[in-house]
>>> print(open('query11.cif').read())   # mmCIF, C-alpha atoms
data_upload
#
loop_
_atom_site.group_PDB
_atom_site.id
_atom_site.type_symbol
_atom_site.label_atom_id
_atom_site.label_comp_id
_atom_site.auth_asym_id
_atom_site.auth_seq_id
_atom_site.Cartn_x
_atom_site.Cartn_y
_atom_site.Cartn_z
ATOM 1 C CA MET J 1 69.226 17.552 3.580
ATOM 2 C CA PRO J 2 70.652 16.461 0.276
ATOM 3 C CA THR J 3 68.604 17.026 -2.859
ATOM 4 C CA GLU J 4 68.303 13.304 -3.536
ATOM 5 C CA THR J 5 66.577 12.826 -0.171
ATOM 6 C CA TRP J 6 64.129 15.615 -0.904
ATOM 7 C CA VAL J 7 63.354 14.167 -4.307
ATOM 8 C CA GLY J 8 62.877 10.725 -2.717
ATOM 9 C CA LEU J 9 60.548 12.117 -0.027
ATOM 10 C CA ILE J 10 58.531 14.079 -2.574
ATOM 11 C CA GLY J 11 58.275 10.983 -4.783
ATOM 12 C CA PHE J 12 57.238 8.855 -1.799
ATOM 13 C CA GLY J 13 54.668 11.491 -0.768
ATOM 14 C CA GLY J 14 53.273 11.518 -4.302
ATOM 15 C CA ALA J 15 52.994 7.735 -4.286
ATOM 16 C CA VAL J 16 51.165 7.820 -0.918
ATOM 17 C CA VAL J 17 48.764 10.516 -2.141
ATOM 18 C CA GLY J 18 48.190 8.601 -5.402
ATOM 19 C CA ALA J 19 47.554 5.327 -3.593
ATOM 20 C CA GLY J 20 45.260 7.064 -1.102
ATOM 21 C CA GLY J 21 43.328 8.655 -3.950
ATOM 22 C CA ALA J 22 42.971 5.321 -5.698
ATOM 23 C CA LEU J 23 41.767 3.641 -2.482
ATOM 24 C CA MET J 24 39.355 6.504 -1.778
ATOM 25 C CA GLY J 25 38.038 6.327 -5.346
ATOM 26 C CA ALA J 26 37.537 2.565 -5.080
ATOM 27 C CA TRP J 27 35.722 2.980 -1.745
ATOM 28 C CA LEU J 28 33.444 5.710 -3.130
ATOM 29 C CA GLN J 29 32.659 3.617 -6.207
ATOM 30 C CA GLN J 30 31.867 0.549 -4.065
ATOM 31 C CA HIS J 31 29.707 2.669 -1.741
ATOM 32 C CA HIS J 32 27.811 4.116 -4.712
ATOM 33 C CA GLN J 33 27.283 0.670 -6.241
ATOM 34 C CA ALA J 34 26.029 -0.720 -2.925
ATOM 35 C CA LYS J 35 23.615 2.190 -2.545
ATOM 36 C CA THR J 36 22.390 1.763 -6.128
ATOM 37 C CA ALA J 37 21.892 -1.986 -5.598
ATOM 38 C CA LYS J 38 19.949 -1.330 -2.386
ATOM 39 C CA ASN J 39 17.706 1.197 -4.147
ATOM 40 C CA GLU J 40 17.080 -1.295 -6.962
ATOM 41 C CA ARG J 41 16.151 -4.007 -4.435
ATOM 42 C CA MET J 42 13.780 -1.625 -2.640
ATOM 43 C CA GLU J 43 12.192 -0.610 -5.935
ATOM 44 C CA ALA J 44 11.766 -4.252 -6.959
ATOM 45 C CA ARG J 45 10.275 -5.080 -3.563
ATOM 46 C CA GLY J 46 7.858 -2.168 -3.871
ATOM 47 C CA TYR J 47 6.890 -3.173 -7.397
ATOM 48 C CA SER J 48 6.203 -6.789 -6.431
ATOM 49 C CA ALA J 49 4.205 -5.691 -3.369
ATOM 50 C CA GLY J 50 2.196 -3.351 -5.594
ATOM 51 C CA GLU J 51 1.565 -6.162 -8.069
ATOM 52 C CA LYS J 52 0.396 -8.411 -5.193
ATOM 53 C CA ALA J 53 -1.980 -5.711 -3.930
ATOM 54 C CA LEU J 54 -3.393 -5.174 -7.423
ATOM 55 C CA ALA J 55 -3.807 -8.930 -7.924
ATOM 56 C CA GLU J 56 -5.757 -9.193 -4.656
ATOM 57 C CA LEU J 57 -7.973 -6.272 -5.649
ATOM 58 C CA TYR J 58 -8.632 -7.775 -9.093
ATOM 59 C CA GLN J 59 -9.515 -11.110 -7.473
ATOM 60 C CA LEU J 60 -11.808 -9.266 -5.078
ATOM 61 C CA ARG J 61 -13.494 -7.476 -7.975
ATOM 62 C CA GLN J 62 -14.062 -10.798 -9.745
ATOM 63 C CA HIS J 63 -15.400 -12.317 -6.527
ATOM 64 C CA LEU J 64 -17.809 -9.408 -6.098
ATOM 65 C CA VAL J 65 -19.087 -9.801 -9.646
ATOM 66 C CA GLU J 66 -19.759 -13.479 -8.992
ATOM 67 C CA SER J 67 -21.363 -12.700 -5.614
ATOM 68 C CA GLY J 68 -23.609 -10.062 -7.135
ATOM 69 C CA VAL J 69 -24.976 -12.510 -9.690
ATOM 70 C CA ALA J 70 -25.809 -15.260 -7.198
ATOM 71 C CA GLY J 71 -29.348 -15.572 -5.868
ATOM 72 C CA GLU J 72 -30.392 -14.548 -2.384
ATOM 73 C CA VAL J 73 -28.419 -16.346 0.299
ATOM 74 C CA PRO J 74 -29.257 -16.192 4.012
ATOM 75 C CA PRO J 75 -26.827 -13.961 5.982
ATOM 76 C CA GLU J 76 -25.445 -16.887 7.986
ATOM 77 C CA ARG J 77 -24.460 -18.633 4.733
ATOM 78 C CA GLN J 78 -22.739 -15.764 2.974
ATOM 79 C CA PRO J 79 -19.061 -16.556 2.723
ATOM 80 C CA TRP J 80 -18.681 -13.767 0.164
ATOM 81 C CA ARG J 81 -18.187 -11.324 3.055
ATOM 82 C CA PHE J 82 -15.391 -13.372 4.588
ATOM 83 C CA ILE J 83 -13.697 -13.814 1.213
ATOM 84 C CA ALA J 84 -14.024 -10.093 0.441
ATOM 85 C CA VAL J 85 -12.504 -9.055 3.766
ATOM 86 C CA THR J 86 -9.682 -11.574 3.286
ATOM 87 C CA HIS J 87 -8.828 -10.034 -0.109
ATOM 88 C CA LEU J 88 -8.979 -6.555 1.416
ATOM 89 C CA ASP J 89 -6.668 -7.601 4.258
ATOM 90 C CA GLU J 90 -4.176 -9.200 1.846
ATOM 91 C CA ALA J 91 -4.172 -6.091 -0.360
ATOM 92 C CA GLU J 92 -3.691 -3.850 2.688
ATOM 93 C CA LEU J 93 -0.739 -5.930 3.882
ATOM 94 C CA ALA J 94 0.875 -5.831 0.436
ATOM 95 C CA VAL J 95 0.468 -2.043 0.281
ATOM 96 C CA MET J 96 2.034 -1.648 3.711
ATOM 97 C CA LEU J 97 5.065 -3.613 2.463
ATOM 98 C CA MET J 98 5.700 -1.089 -0.311
ATOM 99 C CA PRO J 99 8.820 0.833 0.777
ATOM 100 C CA GLY J 100 9.080 4.581 0.339
ATOM 101 C CA ALA J 101 5.438 5.166 -0.547
ATOM 102 C CA PRO J 102 3.849 6.979 2.424
ATOM 103 C CA LEU J 103 1.159 8.671 0.315
ATOM 104 C CA ILE J 104 0.101 5.318 -1.159
ATOM 105 C CA HIS J 105 0.091 3.784 2.322
ATOM 106 C CA GLU J 106 -2.122 6.555 3.645
ATOM 107 C CA ARG J 107 -4.610 6.810 0.789
ATOM 108 C CA VAL J 108 -4.967 3.175 -0.238
ATOM 109 C CA VAL J 109 -5.169 1.889 3.329
ATOM 110 C CA GLU J 110 -7.838 4.514 4.069
ATOM 111 C CA VAL J 111 -9.852 3.248 1.092
ATOM 112 C CA LEU J 112 -9.399 -0.412 2.056
ATOM 113 C CA VAL J 113 -10.438 0.259 5.653
ATOM 114 C CA LEU J 114 -13.461 2.116 4.316
ATOM 115 C CA ALA J 115 -14.259 -0.863 2.064
ATOM 116 C CA LYS J 116 -14.309 -3.142 5.118
ATOM 117 C CA ARG J 117 -17.072 -0.975 6.579
ATOM 118 C CA PHE J 118 -19.514 -2.148 3.911
ATOM 119 C CA GLU J 119 -22.155 -2.821 6.577
ATOM 120 C CA LEU J 120 -22.757 0.942 6.575
ATOM 121 C CA ALA J 121 -24.379 0.463 3.155
ATOM 122 C CA GLY J 122 -27.238 -1.344 4.876
ATOM 123 C CA GLN J 123 -28.322 -4.943 4.952
ATOM 124 C CA ASP J 124 -28.900 -5.286 1.209
ATOM 125 C CA ARG J 125 -26.143 -7.427 -0.283
ATOM 126 C CA GLN J 126 -26.188 -5.571 -3.617
ATOM 127 C CA ARG J 127 -25.614 -2.232 -1.869
ATOM 128 C CA GLN J 128 -22.785 -3.720 0.180
ATOM 129 C CA ILE J 129 -21.204 -5.128 -2.973
ATOM 130 C CA ARG J 130 -21.495 -1.732 -4.713
ATOM 131 C CA TRP J 131 -19.823 -0.089 -1.673
ATOM 132 C CA ILE J 132 -16.868 -2.476 -1.827
ATOM 133 C CA LYS J 133 -16.646 -2.230 -5.637
ATOM 134 C CA HIS J 134 -16.503 1.560 -5.436
ATOM 135 C CA CYS J 135 -13.717 1.470 -2.845
ATOM 136 C CA THR J 136 -11.848 -1.234 -4.758
ATOM 137 C CA ALA J 137 -11.993 0.783 -7.983
ATOM 138 C CA SER J 138 -10.481 3.794 -6.176
ATOM 139 C CA ALA J 139 -7.710 1.660 -4.662
ATOM 140 C CA ILE J 140 -6.925 0.138 -8.083
ATOM 141 C CA ASP J 141 -6.795 3.615 -9.660
ATOM 142 C CA MET J 142 -4.365 4.879 -7.024
ATOM 143 C CA LEU J 143 -2.118 1.806 -7.090
ATOM 144 C CA SER J 144 -2.061 1.706 -10.889
ATOM 145 C CA ALA J 145 -1.069 5.376 -11.074
ATOM 146 C CA HIS J 146 1.691 4.800 -8.519
ATOM 147 C CA MET J 147 2.992 1.764 -10.412
ATOM 148 C CA ARG J 148 3.086 3.804 -13.637
ATOM 149 C CA GLY J 149 4.963 6.603 -11.846
ATOM 150 C CA GLU J 150 2.103 9.066 -12.293
ATOM 151 C CA PRO J 151 0.639 11.386 -9.634
ATOM 152 C CA ILE J 152 -1.747 9.587 -7.308
ATOM 153 C CA PRO J 153 -5.366 10.621 -7.952
ATOM 154 C CA GLU J 154 -7.651 11.846 -5.207
ATOM 155 C CA ILE J 155 -9.740 9.238 -3.424
ATOM 156 C CA GLY J 156 -13.176 10.385 -4.643
ATOM 157 C CA LEU J 157 -15.150 8.638 -1.906
ATOM 158 C CA GLU J 158 -16.501 11.687 -0.075
ATOM 159 C CA ARG J 159 -20.028 10.279 0.207
ATOM 160 C CA LEU J 160 -18.813 7.016 1.759
ATOM 161 C CA GLN J 161 -16.339 8.826 4.038
ATOM 162 C CA THR J 162 -19.099 11.147 5.228
ATOM 163 C CA ARG J 163 -21.392 8.216 5.962
ATOM 164 C CA ALA J 164 -18.626 6.497 7.985
ATOM 165 C CA ARG J 165 -17.837 9.703 9.924
ATOM 166 C CA ASP J 166 -21.532 10.302 10.671
ATOM 167 C CA HIS J 167 -21.890 6.731 11.891
ATOM 168 C CA ASP J 168 -18.797 7.011 14.098
ATOM 169 C CA SER J 169 -19.897 10.334 15.587
ATOM 170 C CA ARG J 170 -23.146 8.781 16.832
ATOM 171 C CA PHE J 171 -21.280 6.440 19.147
ATOM 172 C CA GLU J 172 -19.129 7.224 22.150
ATOM 173 C CA PRO J 173 -15.533 6.014 21.785
ATOM 174 C CA TRP J 174 -14.642 3.056 23.954
ATOM 175 C CA ASP J 175 -12.625 4.188 26.979
ATOM 176 C CA GLY J 176 -11.110 0.776 27.672
ATOM 177 C CA GLY J 177 -13.486 0.042 30.549
ATOM 178 C CA GLU J 178 -15.938 -2.794 30.831
ATOM 179 C CA ASP J 179 -18.677 -3.160 28.257
#
>>> encode(input="query11.cif", output="structure tokens")
Amino acid sequence: MPTETWVGLIGFGGAVVGAGGALMGAWLQQHHQAKTAKNERMEARGYSAGEKALAELYQLRQHLVESGVAGEVPPERQPWRFIAVTHLDEAELAVMLMPGAPLIHERVVEVLVLAKRFELAGQDRQRQIRWIKHCTASAIDMLSAHMRGEPIPEIGLERLQTRARDHDSRFEPWDGGED
């Protein structure tokens, strides 16, 4: 083959390799940008879900303060329980929508479920309110630490967890049969 042909083929090969490198570089850059944008969206979604959960817990805390001040109300006319459980459910849902936070899901949901078992505190409304307040404070501490990017503190509800476990162990689990 003549030298001019070789030079032409080598030049053409160089152009193909250069174009391929440029296309590959553009694809990698686009892929990286898409991944970065997705991570930013997930982080924003997690942050807004965390803010929603904290807002629900703060509203619950305010509701409990107002409920604790009110005079004695007959059990059948105590909407504070319904309102409290609604706030707990909303906070739990918001926490479950936080992407990439399995430890927060586990710990905060455990605390919120424990808070819904306030009847284990007895029939006294003040004791039930203290139970929920204690659980709510722990959930707020954990969520706040997560939102600040700090390590998530331990739950600190051993006494309430023990009471719930003792209560559950006294009853046979339902086997799905008739009541």
>>> atom_distance(input="query11.cif", atom1="CA of Glu51 (chain J)", atom2="CA of Asn39 (chain J)")
18.2 Å
>>> closest_residue(input="query11.cif", among="J:Arg163, J:Lys116, J:Lys52, J:Arg107", to="Phe82 (chain J)", atoms="all atoms listed in the file")
J:Lys116
>>> resolve_selection(input="query11.cif", expression="the PyMOL selection byres ((chain J and resi 140-149) around 9)", output="PyMOL selection string")
chain J and resi 47+50-51+53-54+57-58+95+101+104+107-108+135-139+150-155
>>> resolve_selection(input="query11.cif", expression="the PyMOL selection byres ((chain J and resi 117-133) around 10)", output="count of residues only")
36
>>> atom_distance(input="query11.cif", atom1="CA of Thr36 (chain J)", atom2="CA of Glu106 (chain J)")
26.8 Å
>>> atom_distance(input="query11.cif", atom1="CA of Glu4 (chain J)", atom2="CA of Gly20 (chain J)")
24.0 Å
>>> closest_residue(input="query11.cif", among="J:Glu158, J:Glu66, J:His105, J:Ala55", to="Glu90 (chain J)", atoms="all atoms listed in the file")
J:Ala55
>>> decode(input="query11.cif", residues="region 112-125 of chain J", atoms="N, CA, C and O atoms", output="PDB file, in the first residue's frame")
ATOM      1  N   LEU J 112     -42.864   5.888  67.451  1.00  0.00           N
ATOM      2  CA  LEU J 112     -44.221   6.356  67.164  1.00  0.00           C
ATOM      3  C   LEU J 112     -45.257   5.262  67.423  1.00  0.00           C
ATOM      4  O   LEU J 112     -46.344   5.538  67.924  1.00  0.00           O
ATOM      5  N   VAL J 113     -44.901   4.029  67.096  1.00  0.00           N
ATOM      6  CA  VAL J 113     -45.809   2.908  67.401  1.00  0.00           C
ATOM      7  C   VAL J 113     -45.951   2.769  68.918  1.00  0.00           C
ATOM      8  O   VAL J 113     -47.047   2.542  69.431  1.00  0.00           O
ATOM      9  N   LEU J 114     -44.857   2.921  69.621  1.00  0.00           N
ATOM     10  CA  LEU J 114     -44.895   2.861  71.079  1.00  0.00           C
ATOM     11  C   LEU J 114     -45.757   3.998  71.634  1.00  0.00           C
ATOM     12  O   LEU J 114     -46.521   3.795  72.585  1.00  0.00           O
ATOM     13  N   ALA J 115     -45.676   5.175  71.036  1.00  0.00           N
ATOM     14  CA  ALA J 115     -46.483   6.309  71.489  1.00  0.00           C
ATOM     15  C   ALA J 115     -47.973   6.018  71.339  1.00  0.00           C
ATOM     16  O   ALA J 115     -48.780   6.430  72.179  1.00  0.00           O
ATOM     17  N   LYS J 116     -48.335   5.286  70.286  1.00  0.00           N
ATOM     18  CA  LYS J 116     -49.751   4.959  70.065  1.00  0.00           C
ATOM     19  C   LYS J 116     -50.285   3.961  71.088  1.00  0.00           C
ATOM     20  O   LYS J 116     -51.490   3.751  71.168  1.00  0.00           O
ATOM     21  N   ARG J 117     -49.392   3.372  71.863  1.00  0.00           N
ATOM     22  CA  ARG J 117     -49.819   2.405  72.882  1.00  0.00           C
ATOM     23  C   ARG J 117     -49.958   3.086  74.239  1.00  0.00           C
ATOM     24  O   ARG J 117     -49.740   2.483  75.284  1.00  0.00           O
ATOM     25  N   PHE J 118     -50.342   4.345  74.232  1.00  0.00           N
ATOM     26  CA  PHE J 118     -50.432   5.138  75.454  1.00  0.00           C
ATOM     27  C   PHE J 118     -51.404   4.566  76.474  1.00  0.00           C
ATOM     28  O   PHE J 118     -51.331   4.888  77.642  1.00  0.00           O
ATOM     29  N   GLU J 119     -52.313   3.698  76.046  1.00  0.00           N
ATOM     30  CA  GLU J 119     -53.264   3.102  76.993  1.00  0.00           C
ATOM     31  C   GLU J 119     -52.546   2.243  78.026  1.00  0.00           C
ATOM     32  O   GLU J 119     -53.080   1.972  79.102  1.00  0.00           O
ATOM     33  N   LEU J 120     -51.310   1.834  77.721  1.00  0.00           N
ATOM     34  CA  LEU J 120     -50.534   1.049  78.683  1.00  0.00           C
ATOM     35  C   LEU J 120     -50.120   1.893  79.885  1.00  0.00           C
ATOM     36  O   LEU J 120     -49.684   1.356  80.903  1.00  0.00           O
ATOM     37  N   ALA J 121     -50.243   3.198  79.784  1.00  0.00           N
ATOM     38  CA  ALA J 121     -49.921   4.090  80.903  1.00  0.00           C
ATOM     39  C   ALA J 121     -51.033   4.105  81.934  1.00  0.00           C
ATOM     40  O   ALA J 121     -50.886   4.696  82.997  1.00  0.00           O
ATOM     41  N   GLY J 122     -52.144   3.458  81.629  1.00  0.00           N
ATOM     42  CA  GLY J 122     -53.282   3.445  82.542  1.00  0.00           C
ATOM     43  C   GLY J 122     -54.397   4.322  82.020  1.00  0.00           C
ATOM     44  O   GLY J 122     -54.339   4.852  80.914  1.00  0.00           O
ATOM     45  N   GLN J 123     -55.404   4.492  82.840  1.00  0.00           N
ATOM     46  CA  GLN J 123     -56.578   5.251  82.431  1.00  0.00           C
ATOM     47  C   GLN J 123     -56.451   6.740  82.706  1.00  0.00           C
ATOM     48  O   GLN J 123     -57.242   7.528  82.202  1.00  0.00           O
ATOM     49  N   ASP J 124     -55.475   7.150  83.490  1.00  0.00           N
ATOM     50  CA  ASP J 124     -55.295   8.552  83.817  1.00  0.00           C
ATOM     51  C   ASP J 124     -54.790   9.315  82.595  1.00  0.00           C
ATOM     52  O   ASP J 124     -53.752   8.974  82.013  1.00  0.00           O
ATOM     53  N   ARG J 125     -55.531  10.353  82.217  1.00  0.00           N
ATOM     54  CA  ARG J 125     -55.192  11.118  81.020  1.00  0.00           C
ATOM     55  C   ARG J 125     -53.812  11.764  81.134  1.00  0.00           C
ATOM     56  O   ARG J 125     -53.049  11.787  80.171  1.00  0.00           O
TER      57      ARG J 125
END
